[in-house]
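Q: Handing you this structure, nothing more for now.
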There are 2 protein chains.
Amino acid sequence: MVFQSFEETASSAASASRLENLRSELRHLGVDGFIVPRADEHQGEYIPDASARLAWLTGFSGSAGYAVILPNQATLFVDGRYTTQAREQVDPAAMATGSSIEQPLDSWLARNAAGLTIGFDPWLHTRGEVERLRRAGAEHGFKLVSLPHNPIDRIWQDRPAAPKGQVTVHPETLAGRSVADKLAELSESIRADGGTASVLTDPSSIAWAFNIRGEDVPHTPLPLSFAILRTDGKPSLFIDPDKLDRAAQAHLEAVSQLLPPARFEPALAALGPAERVLLDDSLCAERIGNLVAEGGAKVIAKPDPARLPRARKNMTEVAGCRAAHLRDGAAMVRFLRWLDSQTPGQVTEIDAATMLERLRAETASRAGSPLLDISFDTIAGAGPHAALPHYRVNQNSNIAIEDGSIFLIDSGAQYRDGTTDITRTVAIGTVDEERRRKFTLVLKGMIAISTIRFPVGTRGLDLDPLARVALWKAGCDYAHGTGHGIGSYLAVHEGPQSISRRGATVLESGMILSNEPGYYREGHFGIRIENLILVTPPEPIEGGDLPMHGFETLTFAPIDRRLVLPDLLESWERAWLDAYHEDVRNKLAPHLPDDADRAWLARATAPLGD
Amino acid sequence: MVFQSFEETASSAASASRLENLRSELRHLGVDGFIVPRADEHQGEYIPDASARLAWLTGFSGSAGYAVILPNQATLFVDGRYTTQAREQVDPAAMATGSSIEQPLDSWLARNAAGLTIGFDPWLHTRGEVERLRRAGAEHGFKLVSLPHNPIDRIWQDRPAAPKGQVTVHPETLAGRSVADKLAELSESIRADGGTASVLTDPSSIAWAFNIRGEDVPHTPLPLSFAILRTDGKPSLFIDPDKLDRAAQAHLEAVSQLLPPARFEPALAALGPAERVLLDDSLCAERIGNLVAEGGAKVIAKPDPARLPRARKNMTEVAGCRAAHLRDGAAMVRFLRWLDSQTPGQVTEIDAATMLERLRAETASRAGSPLLDISFDTIAGAGPHAALPHYRVNQNSNIAIEDGSIFLIDSGAQYRDGTTDITRTVAIGTVDEERRRKFTLVLKGMIAISTIRFPVGTRGLDLDPLARVALWKAGCDYAHGTGHGIGSYLAVHEGPQSISRRGATVLESGMILSNEPGYYREGHFGIRIENLILVTPPEPIEGGDLPMHGFETLTFAPIDRRLVLPDLLESWERAWLDAYHEDVRNKLAPHLPDDADRAWLARATAPLGD
């Protein structure tokens, strides 16, 4: 097992004493309270150990949440995904738990912090967040204070050092475009937005713009760093020189001014009154905006200029992604066949996750393109665990996958040529009609997205409901979006595009998204089926007026026919599933040298009637 | 013919001299330019003749647009609906035309008015509009100046007087709630939004809150007036006393302080520093905000508090609406039968619109609930005219409805118990396969909305795409929303709810909307099918987890079976159409004393197979 651990290392044993130390620090700083977000300076989904202050303080190890420490109360806020986990992980004597959805931070502070001064670390909150909190403070009588240092760092004795993951050059043969070409596009975009400079704070944007990858955080090849782009000269890239070998250094020196991280703050302050600096309020740390403004430059709020160009994958990236998916699909077939051959009740969630990772590594290695990482911690949910959409198995929670149940496995891989993300829900033995009915309704939603055509200008939020119609008519729904964007050997969750209630970004050719409707019956079972899909260019349709986008499915792996109730499908939906399975068979068979794998695949992908 | 005229009275003959006079007025006022919106002080869709300044100046008679008058150029801006009409109506020697969509006012002024001062009438622009324009002006170097009077009023010699339509009391037996009850709800809402007062500027809100109706503008029973609501006392209602007979006056005096319109401005200015006044930035005139602020009161931007309560129809209003629709459906059946019996090519658009209005009036009168008005100018489009979604026939445009064509008729009525709005597209003789195919695709969209179930919290924009899926897959779409809100014996277009790309309002039980997908082939034909639908309360579905809203169809009239290609429908879609037609037959037959009407209805509503 290389890329994931099933140990639960977070602990709340020291929470009470750490809170005591923290409160004493806060008194020194002259503030009443402090906000501890689960965040680093880049607002990343995965953060380095040095930034895991929330986990260190509270024992909560989830990927989203924040704590508010007041003189006489401390509360950890999480969303619905983490309610149970938060309650289990924190020390209830030291800390309460609350819902970040039902009690948003601004309104909670309005009710609980009137008259108090609340400190925050301006490197760990975006400009947008701070503005919202300041507005609430002004209206409801609490005061937000930007602190000169993070008080936790003073009391966290063995805090890990900042990561020094090695940077590799992402070759143009995989990136599809030169750095010069990308920087020119970014310059043009900054100019069009009325700026003379822009600060890139999202390491995904830097990795994309400079054709580099890193290894500073788990599962995502990010080089933690900042950049200042200018319309009239070389960009400055602020990155620890220890991360750069000779090749990476040469590559970056050719296109940028390389500077150590300590030079970033002075450089921001040195942007003078002649500069108009674009900052993304939803990504950029409050501290950065302050430094720019203090230096006299004008701050203009605009989205990160790299977000859309990064999201529009070019033909080389798409070709890489297709190739990565064949490798990944072959590994999935080997895994599904292995699972099918086990005696029900004998395999645990960890067994399954471990075997899948092993088969991914083997299949990739045999194909000559190694598995570089998994793209996120595998979600392997047996029985009721699958009803938690973001369940992460550990040694304590691990259970066997029982006969008559359905097993949900959501996983992905990082290959040099692409990032994958696939979910399959599998029958273990004979499965009852209710589970099959719900599976078929979820499948209908997934087919609705797979087959849709849509005009230029359509947003992700326009498509999200299509995946829900069949479930809605049966009185069901799922409490997550239908699809997220995904990077090209980058983050498995990558904006700005999404297919969700809030997906206001227009879908454009080359964007890659997941298509993953689900259904979750709490305490009983969970279903999700996920393929990645590519937005295709608008093409005319015979007899029609408008060229229409569509989706090309990138993921190939059997969808469990044993869970389908064919009578619930329209004939065109059955035809889609059969055609998809024919594609799966034809595309994956050449990647499966083992006859038994191919024979299993042929059965698993036979037409529904057979 | 009572309620509509097919004469085109607007003329641009005097445009050039009027522009000259206006420019001279502007010089007196010390401004370079002036914006002439098609608007009154209430931002209404229908405006009184006294407010028809844009038509008077330019000759353009459409329902949306604005002109910008600069020293050396004058331009009328309209949206896509009115491009052709604008070009035909204005005097090209005096005035250019432009697109309000492609060149939004702020960016057009940025390019064309740098260095200029642009005057505007602060009674005719909302606070939101003015704020956007001021921001653009600050960025691009033009200056907006609020004028002390409208310069057009100085040069418009025979400008009509303000209307004095009689106010009638809308009885509680139709309104379903007392004024006291509604005012209490509004007070509570103002308090919850942090206000002490609110200014109602939308006459629909005043009509609803005070249970009155008026006759100041065409086709909508609005009493033009303003109101100031207070959390701690009687509202003030500013309305011309000439509009009130003794009954109306007694009704209103019991619940409000009645004041003449001239007292409105002083009353706004008299709201002192103790008041926190809610204004709706999207409805409320700039002038009102200025007066409130000058008086020292605090302005808080919040939606009109009456919008949502007005949109949530109560059981009495829903019952009235159902009854109105049976009357209206019976008239539609008589009209469709009449049309069917005519020789193709012998009936013109005006003939059809006239006959429909006559049959509506007759049917309503026989039923004892008179037709009080049509709810908008009938859209009667033969052949290519139907491809203009908002076509309005006049004596010059009028054409015969030809054999082999399809005829689109979109119309509605104002009855005391409800407002209707229905579109049917009808075969004239034998119609080709292409038109029938497109009709069937539109019908599929309309059925998708009719049959959807959806969870609490769903917005109109979530449902809009469902009506388009079948068209999108055929390379087609329509360039308007799927549905608008509608009043209860009030405006035929009533917010805030809609089923459209921008429909961010959550759909709630009791809201009434239209369901009207369409298809338009420019220069050839147009199709639209429209029923009104009511959002039903969330109800459990067997086997499901969540109670789901749905839609109850309120409109009953045959959908032309001759235009349906049954093979394009799924079996459940055919079943919906047959069941709908069975309902139409059963519900309308009792309202059709004439045997021949009932016999025609039976044929028109037979199951698809028959």
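In the structure tokens, the first chain shown is A, the next is B, and so on; residue numbers restart at 1 for each chain, and ligands run from 1 in the order shown.
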Show which residues sit within 6 Å of range 115-117 of chain B, as a list in words. Count only C-alpha atoms, and ignore same-chain residues fewer than 2 positions away.

A: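 So the residues in contact are Val31, Asp32, Ala113, Gly141, Phe142, Lys143 and Leu144 of chain B.
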
Q: Please save N, CA and C atoms of the selected residues as a PDB file, in the first residue's frame.

A:
ATOM      1  N   VAL B  31     -27.339  70.144 -19.761  1.00  0.00           N
ATOM      2  CA  VAL B  31     -26.819  68.783 -19.957  1.00  0.00           C
ATOM      3  C   VAL B  31     -26.618  68.536 -21.447  1.00  0.00           C
ATOM      4  N   ASP B  32     -25.739  67.579 -21.751  1.00  0.00           N
ATOM      5  CA  ASP B  32     -25.465  67.264 -23.150  1.00  0.00           C
ATOM      6  C   ASP B  32     -26.452  66.251 -23.720  1.00  0.00           C
ATOM      7  N   ALA B 113     -20.209  58.509 -24.798  1.00  0.00           N
ATOM      8  CA  ALA B 113     -20.559  59.714 -24.033  1.00  0.00           C
ATOM      9  C   ALA B 113     -19.428  60.184 -23.127  1.00  0.00           C
ATOM     10  N   GLY B 141     -15.882  58.079 -17.468  1.00  0.00           N
ATOM     11  CA  GLY B 141     -15.791  59.515 -17.709  1.00  0.00           C
ATOM     12  C   GLY B 141     -17.016  60.174 -18.309  1.00  0.00           C
ATOM     13  N   PHE B 142     -18.220  59.668 -18.037  1.00  0.00           N
ATOM     14  CA  PHE B 142     -19.393  60.485 -18.345  1.00  0.00           C
ATOM     15  C   PHE B 142     -20.123  60.746 -17.027  1.00  0.00           C
ATOM     16  N   LYS B 143     -20.938  61.776 -17.027  1.00  0.00           N
ATOM     17  CA  LYS B 143     -21.549  62.187 -15.774  1.00  0.00           C
ATOM     18  C   LYS B 143     -23.063  62.089 -15.877  1.00  0.00           C
ATOM     19  N   LEU B 144     -23.668  61.442 -14.907  1.00  0.00           N
ATOM     20  CA  LEU B 144     -25.126  61.318 -14.882  1.00  0.00           C
ATOM     21  C   LEU B 144     -25.706  62.427 -14.028  1.00  0.00           C
TER      22      LEU B 144
END

Q: Near Ala319 in chain B, within 12 Å and counting only C-alpha atoms, which residues show up once chain neighbours fewer than 3 positions away are dropped, as a VMD selection string?

A: chain B and resid 173 to 176 313 to 316 322 to 326 417 to 418 488 510 534 554

Q: Write the selection just made, keeping C-alpha atoms, as a PDB file, in the first residue's frame?

A:
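New file out04.pdb:
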ATOM      1  CA  THR B 173     -64.743  36.461  -1.192  1.00  0.00           C
ATOM      2  CA  LEU B 174     -62.356  36.630  -4.162  1.00  0.00           C
ATOM      3  CA  ALA B 175     -59.180  37.872  -2.467  1.00  0.00           C
ATOM      4  CA  GLY B 176     -59.400  35.212   0.244  1.00  0.00           C
ATOM      5  CA  LYS B 313     -52.037  32.344  -4.080  1.00  0.00           C
ATOM      6  CA  ASN B 314     -54.418  31.301  -1.341  1.00  0.00           C
ATOM      7  CA  MET B 315     -57.127  28.664  -1.722  1.00  0.00           C
ATOM      8  CA  THR B 316     -59.805  31.222  -2.555  1.00  0.00           C
ATOM      9  CA  ARG B 322     -59.876  27.317 -11.637  1.00  0.00           C
ATOM     10  CA  ALA B 323     -63.388  28.681 -12.260  1.00  0.00           C
ATOM     11  CA  ALA B 324     -62.081  31.408 -14.579  1.00  0.00           C
ATOM     12  CA  HIS B 325     -60.218  28.786 -16.583  1.00  0.00           C
ATOM     13  CA  LEU B 326     -63.328  26.691 -17.207  1.00  0.00           C
ATOM     14  CA  ASP B 417     -61.956  35.776 -10.220  1.00  0.00           C
ATOM     15  CA  GLY B 418     -58.810  35.272 -12.232  1.00  0.00           C
ATOM     16  CA  SER B 488     -54.946  36.880  -9.553  1.00  0.00           C
ATOM     17  CA  GLY B 510     -49.729  28.327  -4.596  1.00  0.00           C
ATOM     18  CA  LEU B 534     -50.146  25.795 -10.127  1.00  0.00           C
ATOM     19  CA  LEU B 554     -55.215  25.030 -14.657  1.00  0.00           C
TER      20      LEU B 554
END

Q: Near Asp281 in chain B, counting only C-alpha atoms, which residues have an atom at most 12 Å away, once you skip same-chain residues fewer than 6 positions from it, shown as a PyMOL selection string?

A: chain B and resi 43+125-132+199-202+287-289+299-304

Q: Write out the residues from the selection above, keeping N, CA, C and O atoms, as a JSON list (two decimals), in the first residue's frame.

A:
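selection-v4.json, written as the output of this step:
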[["chain", "number", "residue", "atom", "x", "y", "z"],
["B", 43, "GLN", "N", -42.59, 51.56, -13.01],
["B", 43, "GLN", "CA", -41.88, 50.52, -13.75],
["B", 43, "GLN", "C", -42.83, 49.43, -14.25],
["B", 43, "GLN", "O", -42.51, 48.25, -14.23],
["B", 125, "HIS", "N", -36.32, 55.85, -13.61],
["B", 125, "HIS", "CA", -35.25, 54.84, -13.55],
["B", 125, "HIS", "C", -35.19, 54.29, -12.13],
["B", 125, "HIS", "O", -35.31, 55.05, -11.16],
["B", 126, "THR", "N", -34.97, 53.00, -12.02],
["B", 126, "THR", "CA", -34.88, 52.40, -10.68],
["B", 126, "THR", "C", -33.54, 52.76, -10.05],
["B", 126, "THR", "O", -32.58, 53.13, -10.72],
["B", 127, "ARG", "N", -33.50, 52.60, -8.73],
["B", 127, "ARG", "CA", -32.27, 52.82, -8.00],
["B", 127, "ARG", "C", -31.15, 51.91, -8.52],
["B", 127, "ARG", "O", -30.00, 52.34, -8.64],
["B", 128, "GLY", "N", -31.50, 50.67, -8.83],
["B", 128, "GLY", "CA", -30.48, 49.73, -9.31],
["B", 128, "GLY", "C", -29.90, 50.19, -10.65],
["B", 128, "GLY", "O", -28.68, 50.18, -10.84],
["B", 129, "GLU", "N", -30.78, 50.59, -11.57],
["B", 129, "GLU", "CA", -30.33, 51.09, -12.87],
["B", 129, "GLU", "C", -29.37, 52.27, -12.72],
["B", 129, "GLU", "O", -28.32, 52.32, -13.35],
["B", 130, "VAL", "N", -29.79, 53.23, -11.91],
["B", 130, "VAL", "CA", -28.99, 54.45, -11.76],
["B", 130, "VAL", "C", -27.64, 54.11, -11.14],
["B", 130, "VAL", "O", -26.60, 54.64, -11.56],
["B", 131, "GLU", "N", -27.64, 53.18, -10.19],
["B", 131, "GLU", "CA", -26.36, 52.82, -9.57],
["B", 131, "GLU", "C", -25.42, 52.21, -10.61],
["B", 131, "GLU", "O", -24.24, 52.55, -10.65],
["B", 132, "ARG", "N", -25.95, 51.32, -11.45],
["B", 132, "ARG", "CA", -25.11, 50.71, -12.49],
["B", 132, "ARG", "C", -24.57, 51.78, -13.44],
["B", 132, "ARG", "O", -23.40, 51.76, -13.82],
["B", 199, "VAL", "N", -41.64, 51.40, 1.19],
["B", 199, "VAL", "CA", -42.43, 52.14, 0.19],
["B", 199, "VAL", "C", -42.85, 51.16, -0.89],
["B", 199, "VAL", "O", -42.00, 50.55, -1.53],
["B", 200, "LEU", "N", -44.16, 51.00, -1.08],
["B", 200, "LEU", "CA", -44.65, 50.17, -2.18],
["B", 200, "LEU", "C", -44.81, 51.07, -3.41],
["B", 200, "LEU", "O", -45.53, 52.07, -3.36],
["B", 201, "THR", "N", -44.12, 50.70, -4.48],
["B", 201, "THR", "CA", -44.18, 51.49, -5.71],
["B", 201, "THR", "C", -44.85, 50.73, -6.84],
["B", 201, "THR", "O", -45.17, 51.31, -7.86],
["B", 202, "ASP", "N", -45.00, 49.41, -6.65],
["B", 202, "ASP", "CA", -45.60, 48.57, -7.69],
["B", 202, "ASP", "C", -47.11, 48.54, -7.44],
["B", 202, "ASP", "O", -47.56, 48.04, -6.41],
["B", 287, "ARG", "N", -35.65, 58.63, -7.55],
["B", 287, "ARG", "CA", -36.12, 59.83, -6.86],
["B", 287, "ARG", "C", -36.62, 59.52, -5.45],
["B", 287, "ARG", "O", -36.42, 60.31, -4.52],
["B", 288, "ILE", "N", -37.27, 58.38, -5.31],
["B", 288, "ILE", "CA", -37.83, 58.02, -4.00],
["B", 288, "ILE", "C", -36.71, 57.81, -2.99],
["B", 288, "ILE", "O", -36.76, 58.31, -1.86],
["B", 289, "GLY", "N", -35.68, 57.09, -3.40],
["B", 289, "GLY", "CA", -34.54, 56.87, -2.52],
["B", 289, "GLY", "C", -33.89, 58.18, -2.12],
["B", 289, "GLY", "O", -33.52, 58.39, -0.96],
["B", 299, "VAL", "N", -31.85, 54.11, 4.29],
["B", 299, "VAL", "CA", -32.41, 53.28, 3.21],
["B", 299, "VAL", "C", -31.79, 51.89, 3.27],
["B", 299, "VAL", "O", -30.57, 51.75, 3.36],
["B", 300, "ILE", "N", -32.63, 50.87, 3.25],
["B", 300, "ILE", "CA", -32.14, 49.48, 3.22],
["B", 300, "ILE", "C", -32.71, 48.82, 1.96],
["B", 300, "ILE", "O", -33.91, 48.84, 1.73],
["B", 301, "ALA", "N", -31.83, 48.26, 1.15],
["B", 301, "ALA", "CA", -32.29, 47.63, -0.10],
["B", 301, "ALA", "C", -32.84, 46.25, 0.20],
["B", 301, "ALA", "O", -32.12, 45.36, 0.66],
["B", 302, "LYS", "N", -34.13, 46.05, -0.03],
["B", 302, "LYS", "CA", -34.77, 44.75, 0.17],
["B", 302, "LYS", "C", -35.87, 44.60, -0.86],
["B", 302, "LYS", "O", -36.48, 45.59, -1.27],
["B", 303, "PRO", "N", -36.17, 43.36, -1.26],
["B", 303, "PRO", "CA", -37.27, 43.19, -2.22],
["B", 303, "PRO", "C", -38.60, 43.68, -1.64],
["B", 303, "PRO", "O", -38.82, 43.59, -0.43],
["B", 304, "ASP", "N", -39.43, 44.20, -2.52],
["B", 304, "ASP", "CA", -40.81, 44.56, -2.18],
["B", 304, "ASP", "C", -41.43, 43.47, -1.29],
["B", 304, "ASP", "O", -41.52, 42.31, -1.71]]

Q: Neighbouring residues of Phe60 in chain A were defined as those with any atom within 6 Å, considering only C-alpha atoms; residues of the same chain fewer than 3 positions away were excluded. Please report them as a PyMOL selection string.

A: chain A and resi 55+86+89

Q: Among the residues of range 80-182 of chain A, find those DSSP assigns to strand (DSSP E or B) from the backbone and print them as a ChimeraX atom specification.

A: /A:96-99,117-120,126,143-146,168-169

Q: Any chance you could export the current selection's N, CA and C atoms as a PDB file, in the first residue's frame?

A:
ATOM      1  N   ALA A  96     -17.631  22.131  21.491  1.00  0.00           N
ATOM      2  CA  ALA A  96     -18.930  21.761  20.941  1.00  0.00           C
ATOM      3  C   ALA A  96     -18.792  21.576  19.427  1.00  0.00           C
ATOM      4  N   THR A  97     -19.821  21.001  18.808  1.00  0.00           N
ATOM      5  CA  THR A  97     -19.830  20.926  17.347  1.00  0.00           C
ATOM      6  C   THR A  97     -21.104  21.590  16.837  1.00  0.00           C
ATOM      7  N   GLY A  98     -21.031  22.158  15.631  1.00  0.00           N
ATOM      8  CA  GLY A  98     -22.185  22.827  15.040  1.00  0.00           C
ATOM      9  C   GLY A  98     -22.185  22.641  13.536  1.00  0.00           C
ATOM     10  N   SER A  99     -23.261  23.104  12.912  1.00  0.00           N
ATOM     11  CA  SER A  99     -23.396  22.945  11.463  1.00  0.00           C
ATOM     12  C   SER A  99     -23.019  24.244  10.758  1.00  0.00           C
ATOM     13  N   THR A 117     -13.883  41.128  20.155  1.00  0.00           N
ATOM     14  CA  THR A 117     -12.960  41.248  19.026  1.00  0.00           C
ATOM     15  C   THR A 117     -12.483  39.842  18.664  1.00  0.00           C
ATOM     16  N   ILE A 118     -12.594  39.547  17.396  1.00  0.00           N
ATOM     17  CA  ILE A 118     -12.281  38.200  16.908  1.00  0.00           C
ATOM     18  C   ILE A 118     -11.063  38.294  16.007  1.00  0.00           C
ATOM     19  N   GLY A 119     -10.021  37.582  16.370  1.00  0.00           N
ATOM     20  CA  GLY A 119      -8.823  37.585  15.554  1.00  0.00           C
ATOM     21  C   GLY A 119      -8.905  36.563  14.426  1.00  0.00           C
ATOM     22  N   PHE A 120      -8.154  36.815  13.366  1.00  0.00           N
ATOM     23  CA  PHE A 120      -8.044  35.813  12.295  1.00  0.00           C
ATOM     24  C   PHE A 120      -6.677  35.963  11.641  1.00  0.00           C
ATOM     25  N   THR A 126      -9.967  34.127   2.569  1.00  0.00           N
ATOM     26  CA  THR A 126      -9.989  34.874   1.310  1.00  0.00           C
ATOM     27  C   THR A 126     -10.514  36.287   1.557  1.00  0.00           C
ATOM     28  N   LYS A 143     -15.989  42.756  16.266  1.00  0.00           N
ATOM     29  CA  LYS A 143     -14.903  43.384  15.525  1.00  0.00           C
ATOM     30  C   LYS A 143     -13.922  42.325  15.053  1.00  0.00           C
ATOM     31  N   LEU A 144     -13.605  42.367  13.779  1.00  0.00           N
ATOM     32  CA  LEU A 144     -12.639  41.420  13.218  1.00  0.00           C
ATOM     33  C   LEU A 144     -11.256  42.055  13.231  1.00  0.00           C
ATOM     34  N   VAL A 145     -10.266  41.306  13.724  1.00  0.00           N
ATOM     35  CA  VAL A 145      -8.905  41.846  13.800  1.00  0.00           C
ATOM     36  C   VAL A 145      -7.941  40.900  13.088  1.00  0.00           C
ATOM     37  N   SER A 146      -7.264  41.453  12.113  1.00  0.00           N
ATOM     38  CA  SER A 146      -6.251  40.703  11.379  1.00  0.00           C
ATOM     39  C   SER A 146      -5.007  40.587  12.258  1.00  0.00           C
ATOM     40  N   THR A 168       8.635  18.733 -10.937  1.00  0.00           N
ATOM     41  CA  THR A 168       9.017  18.137 -12.223  1.00  0.00           C
ATOM     42  C   THR A 168       8.431  18.992 -13.336  1.00  0.00           C
ATOM     43  N   VAL A 169       9.115  18.974 -14.461  1.00  0.00           N
ATOM     44  CA  VAL A 169       8.609  19.693 -15.625  1.00  0.00           C
ATOM     45  C   VAL A 169       7.528  18.837 -16.277  1.00  0.00           C
TER      46      VAL A 169
END

Q: Please identify all residues of chain A having at least one atom at most 8 Å from any atom of chain B, considering only C-alpha atoms, and return them as a ChimeraX atom specification.

A: /A:452-455,461-466,469,472-477,501,540-548,570

Q: Would you work out the distance separating CA of Asn586 in chain A from CA of Arg337 in chain A, expressed in Å to one decimal?

A: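 Distance reported for this atom pair: 17.0 Å.
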
Q: Take CA of His480 in chain A and CA of Ala467 in chain B and report the distance between them in Å, one decimal.

A: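 Separation between CA of His480 in chain A and CA of Ala467 in chain B: 23.2 Å.
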
Q: So, with only C-alpha atoms as the atoms that count, which of B:Glu20, B:Asp340, B:Glu362, B:Asp216 lies closest to Asp560 in chain B?

A: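 Closest to Asp560 in chain B, using only C-alpha atoms: B:Asp340.
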
Q: For range 367-379 of chain B, work out the shell of residues within 8 Å, counting only C-alpha atoms and skipping chain neighbours fewer than 6 positions away, then give it as a list of chain:residue names.

A: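 Counting only the stated atoms, we get B:Phe3, B:Gln4, B:Pro218, B:His219, B:Thr220, B:Arg327, B:Ala353, B:Glu357, B:Arg360, B:Ala361, B:His390, B:Tyr391, B:Arg392, B:Val393, B:Leu408, B:Ile409, B:Asp410, B:Ser411, B:Gly412, B:Ala413, B:Gln414, B:Tyr415, B:Arg416, B:Thr419, B:Thr420, B:Asp421, B:Ala491, B:Val492.
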
Q: Using the selection just defined, write its residues with N, CA and C atoms as a compact mmCIF listing (two decimals), in the first residue's frame.

A:
# COMPACT_ATOMS: atom_id res chain seq x y z
N PHE B 3 -61.81 45.62 -26.39
CA PHE B 3 -60.60 45.75 -25.58
C PHE B 3 -59.31 45.85 -26.38
N GLN B 4 -59.36 45.67 -27.70
CA GLN B 4 -58.12 45.86 -28.43
C GLN B 4 -58.40 46.55 -29.75
N PRO B 218 -53.96 49.83 -19.79
CA PRO B 218 -54.67 48.79 -20.55
C PRO B 218 -54.45 47.40 -19.97
N HIS B 219 -55.46 46.59 -19.99
CA HIS B 219 -55.39 45.14 -19.81
C HIS B 219 -54.97 44.66 -18.42
N THR B 220 -54.60 45.54 -17.53
CA THR B 220 -54.22 45.14 -16.17
C THR B 220 -54.96 46.05 -15.21
N ARG B 327 -64.44 28.76 -17.73
CA ARG B 327 -65.09 29.74 -18.61
C ARG B 327 -64.22 30.03 -19.84
N ALA B 353 -58.55 37.02 -33.98
CA ALA B 353 -58.44 37.68 -32.68
C ALA B 353 -59.78 38.30 -32.27
N GLU B 357 -62.17 37.18 -29.02
CA GLU B 357 -62.59 38.11 -27.97
C GLU B 357 -64.12 38.11 -27.85
N ARG B 360 -65.16 34.98 -26.04
CA ARG B 360 -64.82 35.10 -24.61
C ARG B 360 -65.88 35.94 -23.90
N ALA B 361 -66.21 37.08 -24.52
CA ALA B 361 -67.17 37.98 -23.89
C ALA B 361 -68.53 37.29 -23.77
N HIS B 390 -43.60 37.75 -30.08
CA HIS B 390 -44.46 38.80 -29.53
C HIS B 390 -45.18 39.58 -30.63
N TYR B 391 -45.42 38.93 -31.75
CA TYR B 391 -46.11 39.59 -32.86
C TYR B 391 -47.44 40.20 -32.41
N ARG B 392 -47.66 41.43 -32.83
CA ARG B 392 -48.97 42.03 -32.57
C ARG B 392 -49.54 42.48 -33.90
N VAL B 393 -50.64 41.90 -34.28
CA VAL B 393 -51.23 42.19 -35.59
C VAL B 393 -51.82 43.61 -35.61
N LEU B 408 -50.80 30.38 -34.76
CA LEU B 408 -50.50 30.49 -33.32
C LEU B 408 -51.36 31.59 -32.73
N ILE B 409 -52.08 31.28 -31.67
CA ILE B 409 -52.87 32.32 -31.01
C ILE B 409 -52.65 32.27 -29.50
N ASP B 410 -52.12 33.38 -29.00
CA ASP B 410 -51.74 33.52 -27.59
C ASP B 410 -52.58 34.66 -27.04
N SER B 411 -53.41 34.35 -26.05
CA SER B 411 -54.38 35.35 -25.60
C SER B 411 -54.72 35.09 -24.15
N GLY B 412 -55.42 36.02 -23.55
CA GLY B 412 -55.83 35.82 -22.17
C GLY B 412 -56.94 36.77 -21.80
N ALA B 413 -57.51 36.53 -20.65
CA ALA B 413 -58.67 37.30 -20.21
C ALA B 413 -58.52 37.73 -18.77
N GLN B 414 -59.19 38.82 -18.46
CA GLN B 414 -59.31 39.29 -17.08
C GLN B 414 -60.76 39.06 -16.64
N TYR B 415 -60.94 38.13 -15.73
CA TYR B 415 -62.23 37.96 -15.08
C TYR B 415 -62.05 38.40 -13.62
N ARG B 416 -63.13 38.72 -12.98
CA ARG B 416 -63.06 39.16 -11.59
C ARG B 416 -62.37 38.10 -10.72
N THR B 419 -57.09 35.71 -13.80
CA THR B 419 -56.46 36.14 -15.05
C THR B 419 -56.03 34.89 -15.80
N THR B 420 -56.29 34.85 -17.11
CA THR B 420 -55.89 33.67 -17.89
C THR B 420 -54.89 34.07 -18.98
N ASP B 421 -54.21 33.06 -19.49
CA ASP B 421 -53.18 33.24 -20.53
C ASP B 421 -52.99 31.88 -21.18
N ALA B 491 -51.79 41.47 -12.97
CA ALA B 491 -50.94 41.50 -14.16
C ALA B 491 -50.73 40.09 -14.73
N VAL B 492 -50.74 40.00 -16.04
CA VAL B 492 -50.52 38.71 -16.70
C VAL B 492 -49.05 38.30 -16.60

Q: Do you have the CA of Gly272 in chain A-CA of Pro148 in chain A distance handy?

A: 22.8 Å

Q: Enumerate the residues of range 361-476 of chain B with a DSSP assignment of helix (DSSP H, G or I), computed from the backbone, and present them as an NGL selection string.

A: :B and (361-366 or 383-387 or 433-451 or 460-467 or 469-473)

Q: For range 591-601 of chain B, list every protein, DNA or RNA residue within 10 Å, evaluated using only C-alpha atoms, and leave out those in the same chain fewer than 4 positions away; present the list as number ranges by chain.

A: B: 326-331, 333-338, 340, 363, 366-367, 557-558, 581, 584-587, 605-606

Q: Would you pick out the contacts of range 396-403 of chain B at 12 Å or less, using only C-alpha atoms, so that residues sharing its chain but fewer than 3 positions from it are not included, and give the list as a PyMOL selection string?

A: chain B and resi 6-9+85+88+339-340+342-353+379-386+391-393+406-409+426-432+525
